[in-house]
Amino acid sequence: MNADDLSLFVEVTRQGSFAAVAKARGLDPSAVSRAVAQLERELGARLLQRTTRTMRLTEAGERYLARIGPLLEELERAADEARGMRGRASGTLRLSASVTFGQTRIVPLLSAFRARHPDVRLECVFTDTNLDLVAHRIDLAIRLAPTVAGDMIVTKLADTRYRVVASPAYLAAAPRLREPADLAAHRALLFPFPAYRTRWRFRGADGVVVEQPVAGDLVMALPPP
């Protein structure tokens, strides 16, 4: 039984897609499908129930995944420890960050990172959704937030400031806009972030934070992760 096939099967169950796993690993989708099919033949049991639109684990697949998942993780940890004894970083690092931060701050650093750590396989997951770090096997996440909940090791990287802007043409024809309360008379361009879709927060010169309700009829939806 091939360990690579086992790893592909586990990854397919997590991603929910043969194509997604193939893209992440640089393989042809048919190769991933064949690997899972070969595993099913060796076991003599169907692990995944597949149709043209959906895919789900069979009962046998659920039991098998529960058994081999922890074993593969232990094998990966053992391999990482063995590689670490060589004195330099190696293995796979899954990094999550927002789309904008990833594109503007992380992507420009990738060439230098690869030159410094050639044995590290970096998987960048850029999404504005706060992923479950355990479920998505995220090793490092960079997020914009005042606080972080949960049992995690957190380090502050930088302060972030937001500004409310409008075009000169809009301001020339719109009601007065000099302070947060004036937003009540405007239709704002909204983004689908749960914490900011209906209320914006402003910090005054005295440090006091106030919330201003906002409304609008144009939402800039983001693509799914």
# chains A, B, ... in the order shown; residues from 1 in each chain; ligands from 1
call {"tool": "select_by_dssp", "arguments": {"residues": "segment 73-170 of chain A", "states": "alpha helix (DSSP H)", "output": "ChimeraX atom specification"}}
result
/A:73-84,99-101,110-116,168-170
call {"tool": "write_last_selection", "arguments": {"atoms": "C-alpha atoms", "output": "mmCIF file, in the first residue's frame"}}
result
data_model
loop_
_atom_site.group_PDB
_atom_site.id
_atom_site.type_symbol
_atom_site.label_atom_id
_atom_site.label_comp_id
_atom_site.auth_asym_id
_atom_site.auth_seq_id
_atom_site.Cartn_x
_atom_site.Cartn_y
_atom_site.Cartn_z
ATOM 1 C CA GLU A 73 0.290 13.052 10.578
ATOM 2 C CA GLU A 74 2.666 11.170 12.858
ATOM 3 C CA LEU A 75 4.731 10.016 9.877
ATOM 4 C CA GLU A 76 4.954 13.600 8.631
ATOM 5 C CA ARG A 77 6.042 14.851 12.049
ATOM 6 C CA ALA A 78 8.681 12.122 12.233
ATOM 7 C CA ALA A 79 9.967 13.091 8.794
ATOM 8 C CA ASP A 80 10.062 16.766 9.772
ATOM 9 C CA GLU A 81 12.042 15.946 12.904
ATOM 10 C CA ALA A 82 14.513 13.882 10.917
ATOM 11 C CA ARG A 83 14.943 16.675 8.373
ATOM 12 C CA GLY A 84 15.297 19.209 11.168
ATOM 13 C CA VAL A 99 -6.109 38.259 -0.234
ATOM 14 C CA THR A 100 -4.861 41.863 -0.280
ATOM 15 C CA PHE A 101 -2.184 41.354 2.353
ATOM 16 C CA LEU A 110 8.526 34.678 -1.903
ATOM 17 C CA SER A 111 11.653 34.693 -4.078
ATOM 18 C CA ALA A 112 13.871 35.729 -1.165
ATOM 19 C CA PHE A 113 12.185 33.185 1.118
ATOM 20 C CA ARG A 114 12.736 30.330 -1.329
ATOM 21 C CA ALA A 115 16.381 31.310 -1.777
ATOM 22 C CA ARG A 116 16.899 31.299 1.988
ATOM 23 C CA PRO A 168 -14.342 64.432 -5.865
ATOM 24 C CA ALA A 169 -17.212 63.977 -8.311
ATOM 25 C CA TYR A 170 -19.280 62.145 -5.691
#
call {"tool": "residues_around", "arguments": {"residues": "segment 60-64 of chain A", "least_positions_apart": "4", "cutoff": "8 Å", "atoms": "only C-alpha atoms", "output": "NGL selection string"}}
result
:A and (45-48 or 68)
call {"tool": "select_by_dssp", "arguments": {"residues": "segment 3-224 of chain A", "states": "strand (DSSP E or B)", "output": "PyMOL selection string"}}
result
chain A and resi 48-50+55-57+91-97+120-126+140-142+189-190+199-203+209-213+218-219
call {"tool": "atom_distance", "arguments": {"atom1": "atom CA of Gly204 of chain A", "atom2": "atom CA of Gly216 of chain A"}}
result
23.9 Å
call {"tool": "closest_residue", "arguments": {"among": "A:Arg88, A:Arg137, A:Gly26, A:Leu131", "to": "Pro118 of chain A", "atoms": "only C-alpha atoms"}}
result
A:Arg88
call {"tool": "residues_around", "arguments": {"residues": "Thr147 of chain A", "least_positions_apart": "4", "cutoff": "10 Å", "atoms": "only C-alpha atoms", "output": "list in words"}}
result
Arg143, Val154 and Lys156 of chain A
call {"tool": "closest_residue", "arguments": {"among": "A:Met55, A:Ala158, A:Ala97, A:Met152", "to": "Asp128 of chain A", "atoms": "only C-alpha atoms"}}
result
A:Ala97
call {"tool": "closest_residue", "arguments": {"among": "A:Leu171, A:Ala141, A:Val164, A:Val32", "to": "Val214 of chain A", "atoms": "only C-alpha atoms"}}
result
A:Val164
call {"tool": "closest_residue", "arguments": {"among": "A:Pro213, A:Ile138, A:Pro180, A:Thr54", "to": "Phe126 of chain A", "atoms": "only C-alpha atoms"}}
result
A:Ile138
